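As provided, my_file_16.txt (compact mmCIF, N, CA and C atoms) reads as follows.
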```txt
# COMPACT_ATOMS: atom_id res chain seq x y z
N ALA A 1 0.83 -1.20 0.00
CA ALA A 1 0.00 0.00 0.00
C ALA A 1 0.87 1.26 0.00
N ASN A 2 1.97 1.24 0.74
CA ASN A 2 2.85 2.42 0.78
C ASN A 2 3.50 2.67 -0.58
N LYS A 3 3.87 1.58 -1.26
CA LYS A 3 4.50 1.74 -2.57
C LYS A 3 3.51 2.34 -3.56
N GLU A 4 2.27 1.89 -3.47
CA GLU A 4 1.23 2.44 -4.33
C GLU A 4 1.02 3.92 -4.02
N ALA A 5 1.06 4.27 -2.74
CA ALA A 5 0.89 5.67 -2.34
C ALA A 5 2.02 6.53 -2.89
N VAL A 6 3.25 6.02 -2.85
CA VAL A 6 4.38 6.76 -3.41
C VAL A 6 4.17 6.97 -4.90
N ARG A 7 3.77 5.89 -5.58
CA ARG A 7 3.56 5.98 -7.03
C ARG A 7 2.44 6.96 -7.36
N ASN A 8 1.33 6.84 -6.65
CA ASN A 8 0.17 7.71 -6.93
C ASN A 8 0.41 9.17 -6.59
N ALA A 9 1.31 9.42 -5.64
CA ALA A 9 1.59 10.79 -5.23
C ALA A 9 2.66 11.46 -6.11
N GLY A 10 3.15 10.73 -7.11
CA GLY A 10 4.17 11.31 -7.98
C GLY A 10 5.58 11.22 -7.43
N GLY A 11 5.77 10.33 -6.47
CA GLY A 11 7.08 10.20 -5.83
C GLY A 11 8.15 9.56 -6.69
N ILE A 12 7.73 8.77 -7.68
CA ILE A 12 8.73 8.07 -8.49
C ILE A 12 9.54 9.05 -9.35
N PRO A 13 8.90 9.95 -10.11
CA PRO A 13 9.72 10.90 -10.86
C PRO A 13 10.60 11.77 -9.95
N LEU A 14 10.11 12.07 -8.77
CA LEU A 14 10.92 12.86 -7.83
C LEU A 14 12.16 12.09 -7.40
N ALA A 15 11.99 10.79 -7.09
CA ALA A 15 13.12 9.96 -6.69
C ALA A 15 14.14 9.86 -7.81
N VAL A 16 13.66 9.68 -9.03
CA VAL A 16 14.57 9.61 -10.19
C VAL A 16 15.33 10.94 -10.33
N GLY A 17 14.63 12.04 -10.17
CA GLY A 17 15.27 13.35 -10.26
C GLY A 17 16.33 13.57 -9.20
N LEU A 18 16.16 12.97 -8.04
CA LEU A 18 17.14 13.14 -6.96
C LEU A 18 18.48 12.48 -7.28
N LEU A 19 18.48 11.55 -8.22
CA LEU A 19 19.74 10.89 -8.59
C LEU A 19 20.73 11.87 -9.20
N THR A 20 20.23 12.96 -9.76
CA THR A 20 21.13 13.94 -10.38
C THR A 20 21.63 14.97 -9.37
N SER A 21 21.16 14.87 -8.14
CA SER A 21 21.65 15.80 -7.12
C SER A 21 23.11 15.45 -6.84
N GLY A 22 23.88 16.40 -6.46
CA GLY A 22 25.28 16.15 -6.16
C GLY A 22 25.48 15.61 -4.76
N ASN A 23 24.41 15.46 -4.01
CA ASN A 23 24.50 15.03 -2.62
C ASN A 23 24.42 13.51 -2.53
N ARG A 24 25.47 12.88 -2.07
CA ARG A 24 25.47 11.41 -2.05
C ARG A 24 24.46 10.83 -1.09
N ASP A 25 24.18 11.51 0.04
CA ASP A 25 23.17 11.00 0.97
C ASP A 25 21.79 11.01 0.32
N THR A 26 21.51 12.07 -0.43
CA THR A 26 20.25 12.16 -1.15
C THR A 26 20.16 11.05 -2.20
N GLN A 27 21.25 10.83 -2.92
CA GLN A 27 21.28 9.76 -3.91
C GLN A 27 21.08 8.40 -3.25
N ARG A 28 21.75 8.17 -2.14
CA ARG A 28 21.61 6.90 -1.42
C ARG A 28 20.15 6.66 -1.02
N ASP A 29 19.52 7.70 -0.46
CA ASP A 29 18.12 7.55 -0.03
C ASP A 29 17.19 7.31 -1.21
N ALA A 30 17.41 8.03 -2.31
CA ALA A 30 16.57 7.85 -3.50
C ALA A 30 16.73 6.43 -4.05
N LEU A 31 17.95 5.94 -4.07
CA LEU A 31 18.19 4.58 -4.56
C LEU A 31 17.58 3.53 -3.66
N GLN A 32 17.62 3.77 -2.35
CA GLN A 32 17.00 2.82 -1.41
C GLN A 32 15.49 2.77 -1.65
N LEU A 33 14.88 3.92 -1.86
CA LEU A 33 13.45 3.97 -2.16
C LEU A 33 13.16 3.24 -3.46
N MET A 34 13.96 3.51 -4.48
CA MET A 34 13.74 2.87 -5.78
C MET A 34 13.89 1.36 -5.67
N LEU A 35 14.84 0.90 -4.90
CA LEU A 35 15.03 -0.54 -4.71
C LEU A 35 13.80 -1.16 -4.05
N ALA A 36 13.26 -0.49 -3.07
CA ALA A 36 12.05 -0.98 -2.41
C ALA A 36 10.86 -1.02 -3.37
N LEU A 37 10.77 -0.03 -4.23
CA LEU A 37 9.66 0.05 -5.18
C LEU A 37 9.71 -1.05 -6.24
N CYS A 38 10.89 -1.58 -6.48
CA CYS A 38 11.07 -2.58 -7.55
C CYS A 38 10.35 -3.89 -7.31
N SER A 39 9.80 -4.08 -6.13
CA SER A 39 9.09 -5.33 -5.85
C SER A 39 7.68 -5.34 -6.44
N GLU A 40 7.23 -4.21 -6.97
CA GLU A 40 5.91 -4.13 -7.58
C GLU A 40 6.04 -3.76 -9.06
N ALA A 41 5.41 -4.57 -9.91
CA ALA A 41 5.53 -4.40 -11.36
C ALA A 41 5.10 -3.01 -11.81
N GLU A 42 4.04 -2.48 -11.21
CA GLU A 42 3.57 -1.15 -11.62
C GLU A 42 4.61 -0.08 -11.30
N CYS A 43 5.29 -0.25 -10.19
CA CYS A 43 6.33 0.71 -9.82
C CYS A 43 7.54 0.58 -10.75
N VAL A 44 7.87 -0.65 -11.13
CA VAL A 44 8.98 -0.85 -12.07
C VAL A 44 8.68 -0.11 -13.37
N GLU A 45 7.48 -0.29 -13.88
CA GLU A 45 7.10 0.39 -15.12
C GLU A 45 7.13 1.91 -14.95
N ALA A 46 6.69 2.38 -13.79
CA ALA A 46 6.70 3.83 -13.53
C ALA A 46 8.14 4.35 -13.42
N LEU A 47 9.02 3.57 -12.82
CA LEU A 47 10.43 3.97 -12.75
C LEU A 47 11.03 4.09 -14.14
N VAL A 48 10.77 3.10 -14.98
CA VAL A 48 11.30 3.13 -16.35
C VAL A 48 10.73 4.33 -17.09
N ALA A 49 9.42 4.56 -16.96
CA ALA A 49 8.77 5.68 -17.64
C ALA A 49 9.32 7.02 -17.17
N ALA A 50 9.76 7.07 -15.91
CA ALA A 50 10.28 8.32 -15.35
C ALA A 50 11.74 8.56 -15.72
N GLY A 51 12.33 7.66 -16.49
CA GLY A 51 13.72 7.85 -16.92
C GLY A 51 14.75 7.31 -15.95
N ALA A 52 14.36 6.32 -15.16
CA ALA A 52 15.28 5.78 -14.16
C ALA A 52 16.51 5.13 -14.78
N VAL A 53 16.34 4.46 -15.91
CA VAL A 53 17.47 3.71 -16.47
C VAL A 53 18.65 4.62 -16.83
N PRO A 54 18.45 5.68 -17.63
CA PRO A 54 19.60 6.56 -17.91
C PRO A 54 20.16 7.23 -16.65
N ALA A 55 19.28 7.57 -15.72
CA ALA A 55 19.75 8.19 -14.48
C ALA A 55 20.60 7.21 -13.67
N LEU A 56 20.18 5.95 -13.64
CA LEU A 56 20.94 4.92 -12.92
C LEU A 56 22.30 4.68 -13.58
N VAL A 57 22.32 4.64 -14.89
CA VAL A 57 23.59 4.46 -15.60
C VAL A 57 24.54 5.60 -15.23
N GLY A 58 24.00 6.80 -15.11
CA GLY A 58 24.82 7.94 -14.73
C GLY A 58 25.43 7.81 -13.35
N VAL A 59 24.68 7.31 -12.38
CA VAL A 59 25.22 7.22 -11.02
C VAL A 59 26.06 5.96 -10.80
N LEU A 60 26.05 5.05 -11.75
CA LEU A 60 26.95 3.89 -11.63
C LEU A 60 28.41 4.33 -11.62
N ALA A 61 28.68 5.50 -12.17
CA ALA A 61 30.04 6.03 -12.20
C ALA A 61 30.38 6.86 -10.95
N SER A 62 29.49 6.85 -9.99
CA SER A 62 29.71 7.63 -8.77
C SER A 62 30.99 7.19 -8.06
N GLN A 63 31.61 8.12 -7.38
CA GLN A 63 32.81 7.82 -6.58
C GLN A 63 32.42 7.17 -5.25
N ASP A 64 31.12 7.20 -4.93
CA ASP A 64 30.63 6.66 -3.66
C ASP A 64 30.26 5.18 -3.84
N ASP A 65 30.90 4.32 -3.09
CA ASP A 65 30.67 2.88 -3.22
C ASP A 65 29.23 2.48 -2.92
N VAL A 66 28.61 3.14 -1.95
CA VAL A 66 27.22 2.80 -1.59
C VAL A 66 26.29 3.19 -2.73
N VAL A 67 26.50 4.36 -3.30
CA VAL A 67 25.68 4.80 -4.43
C VAL A 67 25.84 3.83 -5.60
N GLN A 68 27.07 3.46 -5.90
CA GLN A 68 27.31 2.50 -6.99
C GLN A 68 26.60 1.18 -6.73
N SER A 69 26.76 0.66 -5.54
CA SER A 69 26.17 -0.63 -5.19
C SER A 69 24.65 -0.60 -5.27
N ARG A 70 24.06 0.44 -4.70
CA ARG A 70 22.59 0.54 -4.74
C ARG A 70 22.09 0.73 -6.16
N ALA A 71 22.79 1.51 -6.95
CA ALA A 71 22.38 1.71 -8.34
C ALA A 71 22.43 0.38 -9.09
N ALA A 72 23.47 -0.40 -8.86
CA ALA A 72 23.57 -1.71 -9.50
C ALA A 72 22.45 -2.64 -9.05
N GLN A 73 22.08 -2.57 -7.80
CA GLN A 73 20.97 -3.38 -7.29
C GLN A 73 19.66 -2.99 -7.96
N VAL A 74 19.44 -1.70 -8.13
CA VAL A 74 18.21 -1.24 -8.77
C VAL A 74 18.19 -1.65 -10.24
N VAL A 75 19.32 -1.50 -10.93
CA VAL A 75 19.38 -1.94 -12.33
C VAL A 75 19.07 -3.43 -12.42
N ASN A 76 19.64 -4.21 -11.52
CA ASN A 76 19.36 -5.65 -11.50
C ASN A 76 17.88 -5.92 -11.27
N ALA A 77 17.28 -5.22 -10.33
CA ALA A 77 15.85 -5.42 -10.04
C ALA A 77 14.99 -5.00 -11.23
N LEU A 78 15.39 -3.94 -11.91
CA LEU A 78 14.63 -3.48 -13.07
C LEU A 78 14.77 -4.41 -14.27
N SER A 79 15.80 -5.23 -14.26
CA SER A 79 16.05 -6.09 -15.42
C SER A 79 14.94 -7.11 -15.66
N ALA A 80 14.05 -7.26 -14.71
CA ALA A 80 12.89 -8.14 -14.90
C ALA A 80 11.90 -7.53 -15.90
N SER A 81 12.05 -6.24 -16.16
CA SER A 81 11.15 -5.53 -17.06
C SER A 81 11.75 -5.46 -18.46
N GLN A 82 11.03 -5.95 -19.45
CA GLN A 82 11.51 -5.86 -20.83
C GLN A 82 11.69 -4.40 -21.23
N ARG A 83 10.80 -3.54 -20.77
CA ARG A 83 10.90 -2.12 -21.10
C ARG A 83 12.20 -1.52 -20.54
N ALA A 84 12.60 -1.96 -19.34
CA ALA A 84 13.84 -1.48 -18.75
C ALA A 84 15.03 -1.99 -19.55
N LEU A 85 14.96 -3.24 -19.96
CA LEU A 85 16.05 -3.80 -20.77
C LEU A 85 16.17 -3.06 -22.09
N ASP A 86 15.05 -2.73 -22.70
CA ASP A 86 15.06 -1.97 -23.95
C ASP A 86 15.72 -0.60 -23.74
N ALA A 87 15.49 0.00 -22.57
CA ALA A 87 16.05 1.32 -22.28
C ALA A 87 17.57 1.26 -22.07
N LEU A 88 18.07 0.09 -21.71
CA LEU A 88 19.51 -0.05 -21.50
C LEU A 88 20.27 -0.15 -22.82
N VAL A 89 19.59 -0.55 -23.86
CA VAL A 89 20.28 -0.79 -25.14
C VAL A 89 20.39 0.49 -25.95
```

Please rewrite the model in this file as structure tokens.
Amino acid sequence: ANKEAVRNAGGIPLAVGLLTSGNRDTQRDALQLMLALCSEAECVEALVAAGAVPALVGVLASQDDVVQSRAAQVVNALSASQRALDALV
């Protein structure tokens, strides 16, 4: 129910947008939220639609190990979506 509330309130595009912030704590928190959202197919589709894949690819180059690790976990979780895989190519 909380994941649906985040999605319905427009939280997914906001979380994706936070990945471009220069603040690593903000990026870490956004990635943690995105990872939690990946357990629901509707949220996965919303993440992809919000541009999560290119944003995640961008933060994979982060100097912060936690940001890199969480971004890789989210990419892995999104890989269940054909739409996400298409966005990676």

Please tabulate, as JSON lines, the residues of stretch 4-53 of chain A that come within 7 Å of stretch 68-82 of chain A, each with its closest pair of atoms and the distance in Å to one decimal, counting all atoms listed in the file and ordering rows by chain, then residue number upward.
```
{"residue": "A:Leu31", "atom": "CA", "partner": "A:Arg70", "partner_atom": "C", "distance": 5.7}
{"residue": "A:Gln32", "atom": "N", "partner": "A:Arg70", "partner_atom": "CA", "distance": 6.4}
{"residue": "A:Met34", "atom": "C", "partner": "A:Val74", "partner_atom": "CA", "distance": 5.9}
{"residue": "A:Leu35", "atom": "CA", "partner": "A:Val74", "partner_atom": "CA", "distance": 5.2}
{"residue": "A:Cys38", "atom": "CA", "partner": "A:Ala77", "partner_atom": "C", "distance": 5.9}
{"residue": "A:Val44", "atom": "CA", "partner": "A:Leu78", "partner_atom": "CA", "distance": 6.3}
```

>> Which of chain A end up as alpha helix (DSSP H) when DSSP is run on this backbone - answer as a ChimeraX atom specification?
In response: /A:2-8,11-18,24-37,41-49,52-59,65-78,82-88

With 5 Å added on each side, what axis-aligned box encloses every listed atom of stretch 74-89 of chain A? Give the centre and edge lengths in Å to one decimal, as lines of an AutoDock Vina configuration file.
```
center_x = 15.6
center_y = -3.4
center_z = -17.0
size_x = 19.6
size_y = 19.5
size_z = 27.8
```

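Going from atom N of A:Lys3 to atom C of A:Ser39 covers 9.4 Å.
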
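Of note, atom C of A:Ala55 and atom C of A:Asn23 are spaced 13.4 Å apart.
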
> What's the 10 Å shell around A:Val48, counting only C-alpha atoms, without same-chain residues fewer than 3 positions away, as a PyMOL selection string?
Replying inline: chain A and resi 12-13+16+43-45+51-54+78+81+83-87

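What separates atom CA of A:Val66 from atom CA of A:Gly10 is a distance of 25.4 Å.
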
>> I'd like the contact shell of stretch 19-21 of chain A - 8 Å cut-off, only C-alpha atoms, skipping same-chain residues fewer than 3 positions apart - returned as a ChimeraX atom specification.
In response: /A:15-16,24,26-27,30-31,55-56,59
